Amino acid sequence: MFTEIGHFALALALAVALVQAVVPMVGAARHNNAWMAVARPAALVQLALVLTAFAALMHAYLVSDFSVVGVYENSHTAKPLIYKISGVWGNHEGSLVLWVTVLALFGAGVAAFGRNLPPSLKARALAVQAMISVGFIAFILFTSNPYLRLNPFPSEGRGLNPLLQDPGLAIHPPMLYLGYVGFSMAFSFAVAALIEGRVDAAWARWVRPWTLAAWTCLTAGIGLGSWWAYYTLGWGGWWYWDPVENSSFLPWLTGTALLHSAIVVEKREALKSWTILLAIITFSLSLLGTFLTRSGVLTSVHAFASDPTRGTFILVLLAIAIGGSLILYAIRAPHLDGGGLFAPISREGGLLINNLLLSTAAATVLLGTLYPLLVEVLADAKISVGPPYFNGVFLPLMTPLVIVMGIGPLMAWKRGDLGGALARLKVAAGAGVAMLLVSLLMNGTRLIDIGGAFGLAMAAYLAVATIMEWLGRVKPTRAGVWSRIAHLPRAAHGMTIAHLGMAVLIAGVSGAAAWKQERIQTLAPDQSVEIAGYTMTFKGVETVQGPNYEAGRGTIEASVNGVKIATMHPELRLYKQPPQQTTFTSIHTTFFADLYVAIGEAQGAEGAYVTRFYYQPLIPFLWYGVLMMAFGGLISLTDRRHRVGAPQRAAATIAVPQAAE
Amino acid sequence: MSESTATPRAKRWPYILPLVVILALGGVFGKRLLDVERGRDPNLIPTVLLNTPMPSFDLPPLPARGDALRSEDLKGTVSLINVWGSWCVACLSEHPVLLEIAKSGEVQIHGIAWRDDPARSLEWLAQHGDPYSKVGQDPHSKTAIAFGVVAAPETFLVDKQGVIRYKQTGPITADDWRNKIKPLIAQLNQ
């Protein structure tokens, strides 16, 4: 019953989205205010309907209604509640419902909070957003119906893949979708601006908060996914350059570039057509990711069950959305630019370099991801592109990026003083060199040590440069520091936190990549092995019962000089439905490093097991860094500049239009 | 004169370039999808064990039901090895197809009762019909893991030399049998 209501609500949402896609667009062309005004209620109603559809599907999972095919295939009565919920988006059909829910959420957000937008821009942006909704709701209804019934229906479901039964992964997809589907708003604004034929500072100011919100969620989403891979897969790795990982990382790279180029549009009325292109490309890459994971054109551990019919449908959707917007771009964009003069040595010059490096990085990752496919289709040969390629091209691009991240914020708009900025960077450069030397002294000078030391040096440089820039703004030696801190735009604090987060992340990546230690061996009970100064003693394995699995639970004691530091319990779990073995690692973190333990198969009858120990220095910094970047985004989002022009503040902004900076 | 008209046209190219790149990429994807649709999916690796000898095993029979299932005994005939369990809902949906295959006499089917209680396996076979020549018990997944089984049901077609020639992940449908497995058996029997 609820299921049918959900199905019906989704069909209604399609109708509403169709109206929202056409009426305001025509209204904007004819300057008809009444027609344009349709966009707002339509977007809100569309959200209400899509939420109903989503709730209905959720209901089917919660009550384990196995007459619904998706529930039967992905759920099980014995599954804990949280995984019944996450089962909704743990499969192709359900995840698409989440997809359109996020799409409608952003559209309704603009409808509800965008009262200060020019009516025609708002009408067009919401109409474009609705066109995307039409495409994807139709995709669900015609090729991937999540409300399909089974008759007769089984009494028990097949269960969710145990690897996905994890709290980190339960919230990873919603965060990720809020991120890359959220970029749809930037796309809709970009297309609307192309139709209007006008891009100005105000446009950039309206686009930025939506892009920032999406970017913040995407950062957190990718971080969660990486963290999950780290602690569940049992091999101590955290990033594999898998095609699907890459397809979430690509919009992050171009989205980051977009955030920065939108600032240039806002402040200097330059880089307009470039910013529009980035907005289109960022969402296009999100769509590409959706296509790659669902069409079966690539193999990946993350891919959904592949189906060429669906692939064709998405390819047509992609062709219309991306092709259409780029045709519009080719026609309109040449007339957009022609803003102020552009001096290479300036804040905007630094942001331009940042953009070039980020885009190049995105292009190389895209090439590496698609290269096996291109070679296979065009040359009928099989190749694979692995981490050596990605590390080899990606890291050299990150080095100049980090250097510019230190310099850029120190330079003024229009005409920066490179000499002055470099003079202020002396301390930061000194910190970098000092870190390099300390690390080489402490860790040795093998090639890998030099690489690690270099990474730490970059992190130290960026951290110090970022803090110096912030101190330069708040001037802690003079009176009135607190008031200056309070009056500094939130966006400036946000940038400082996010850039610091980047420095912390670089430290984590460098440490984990250079000085990870591992010991893999078979241990009998009470045997020990040394790793990074810890003595790891294997105490044996006992069988324990989980809610829907049976586990061999190992006990391993970590001690230093005979003093017990931690007792760790890694598990080897055998899930009952579907029957599958997974590792459950145990991690002891010291804030600066992780001691990471996993157990494998039993060896012989004496109670001996394969044990894997990893010592991962600085890896916690990776997660702190991601958290700081997401937090920086959040702080920046609260900047009053994003709310300026809202009715209650309108008077103030008209009086001092340039007051925000 | 000619210069003033040529310049804007030359400048248009950077704006058209993204479209051209995307169209080319779309073409590649389109071709790939066509390939997949025509059943030529070069990326699909059915099993790493394909065209390699099956792992050796010696599984005890279900109580009072025939002989043990040994990899050695299977040599000399083409056989299907079906990994199944009484707990497995999808196996039940596959079962009628297996019964049909057994009735046709085209090939003998052996079962591996995976992670199952022998009494329940027997009860299940009594209730739903028994298509298997031999059934071996694999309660601790030893053989299932050697075969790389991810989820039941999975079925392997093994030739006379004991080499795996085909793997079915998930239930065999009547179509799979008619269009893929049956022709392959005929070929292997020649």
# chains A, B, ... in the order shown; residues from 1 in each chain; ligands from 1

call {"tool": "interface_residues", "arguments": {"of": "chain B", "to": "chain A", "cutoff": "8 Å", "atoms": "only C-alpha atoms", "output": "PyMOL selection string"}}
result
chain B and resi 11-12+15-16+18-19+22-23+26+28-33+36-37+43-44+88-90+150-151

call {"tool": "write_last_selection", "arguments": {"atoms": "C-alpha atoms", "output": "PDB file, in the first residue's frame"}}
result
ATOM      1  CA  LYS B  11      38.607  32.845 -30.846  1.00  0.00           C
ATOM      2  CA  ARG B  12      35.499  30.747 -30.961  1.00  0.00           C
ATOM      3  CA  TYR B  15      34.568  27.561 -26.567  1.00  0.00           C
ATOM      4  CA  ILE B  16      33.673  24.775 -28.974  1.00  0.00           C
ATOM      5  CA  PRO B  18      34.734  21.129 -24.743  1.00  0.00           C
ATOM      6  CA  LEU B  19      31.766  20.112 -26.865  1.00  0.00           C
ATOM      7  CA  ILE B  22      32.520  15.398 -24.956  1.00  0.00           C
ATOM      8  CA  LEU B  23      31.037  14.237 -28.253  1.00  0.00           C
ATOM      9  CA  GLY B  26      30.153   9.995 -25.910  1.00  0.00           C
ATOM     10  CA  VAL B  28      33.336   5.839 -27.297  1.00  0.00           C
ATOM     11  CA  PHE B  29      30.824   5.138 -24.534  1.00  0.00           C
ATOM     12  CA  GLY B  30      28.126   4.477 -27.089  1.00  0.00           C
ATOM     13  CA  LYS B  31      30.271   1.957 -28.919  1.00  0.00           C
ATOM     14  CA  ARG B  32      31.144   0.254 -25.678  1.00  0.00           C
ATOM     15  CA  LEU B  33      27.494  -0.018 -24.706  1.00  0.00           C
ATOM     16  CA  VAL B  36      28.022  -4.953 -24.136  1.00  0.00           C
ATOM     17  CA  GLU B  37      24.527  -5.217 -25.547  1.00  0.00           C
ATOM     18  CA  ASN B  43      35.727  -6.608 -19.309  1.00  0.00           C
ATOM     19  CA  LEU B  44      33.714  -9.387 -17.785  1.00  0.00           C
ATOM     20  CA  CYS B  88      19.400 -20.055   0.014  1.00  0.00           C
ATOM     21  CA  VAL B  89      16.244 -18.466  -1.388  1.00  0.00           C
ATOM     22  CA  ALA B  90      17.674 -17.903  -4.847  1.00  0.00           C
ATOM     23  CA  VAL B 150      30.818 -15.416  -3.511  1.00  0.00           C
ATOM     24  CA  ALA B 151      27.143 -16.206  -3.024  1.00  0.00           C
TER      25      ALA B 151
END

call {"tool": "residues_around", "arguments": {"residues": "range 83-87 of chain B", "least_positions_apart": "2", "cutoff": "9 Å", "atoms": "only C-alpha atoms", "output": "PyMOL selection string"}}
result
(chain A and resi 577) or (chain B and resi 81+89+91-92+110-117+120-125+144+149+151-156)

call {"tool": "residues_around", "arguments": {"residues": "range 57-62 of chain B", "least_positions_apart": "4", "cutoff": "6 Å", "atoms": "only C-alpha atoms", "output": "PyMOL selection string"}}
result
chain B and resi 67-71+118+135-137

call {"tool": "write_last_selection", "arguments": {"atoms": "C-alpha atoms", "output": "compact mmCIF listing (two decimals), in the first residue's frame"}}
result
# COMPACT_ATOMS: atom_id res chain seq x y z
CA ASP B 67 28.93 -41.64 -2.64
CA ALA B 68 31.31 -38.94 -1.64
CA LEU B 69 31.94 -36.16 -4.16
CA ARG B 70 35.56 -36.30 -5.28
CA SER B 71 37.15 -34.15 -7.97
CA PRO B 118 23.07 -32.26 6.37
CA VAL B 135 26.07 -34.35 -3.26
CA GLY B 136 29.10 -33.45 -1.15
CA GLN B 137 28.99 -31.51 2.09

call {"tool": "closest_residue", "arguments": {"among": "B:Glu100, B:Glu72, B:Glu106, B:Asp159", "to": "Asp130 in chain B", "atoms": "only C-alpha atoms"}}
result
B:Glu100

call {"tool": "select_by_dssp", "arguments": {"residues": "range 41-163 of chain B", "states": "strand (DSSP E)", "output": "VMD selection string"}}
result
chain B and resid 58 to 59 69 to 70 79 to 84 108 to 114 132 to 138 154 to 158

call {"tool": "residues_around", "arguments": {"residues": "Ser184 in chain A", "least_positions_apart": "5", "cutoff": "10 Å", "atoms": "only C-alpha atoms", "output": "list in words"}}
result
Val102, Leu103, Phe106, Gly107, Val128, Gln129, Ile132, Leu178, Gly179, Phe189, Ala190, Trp210, Thr211, Ala214, Ala279, Ile280, Thr282, Phe283, Ser284, Ser286 and Leu287 of chain A
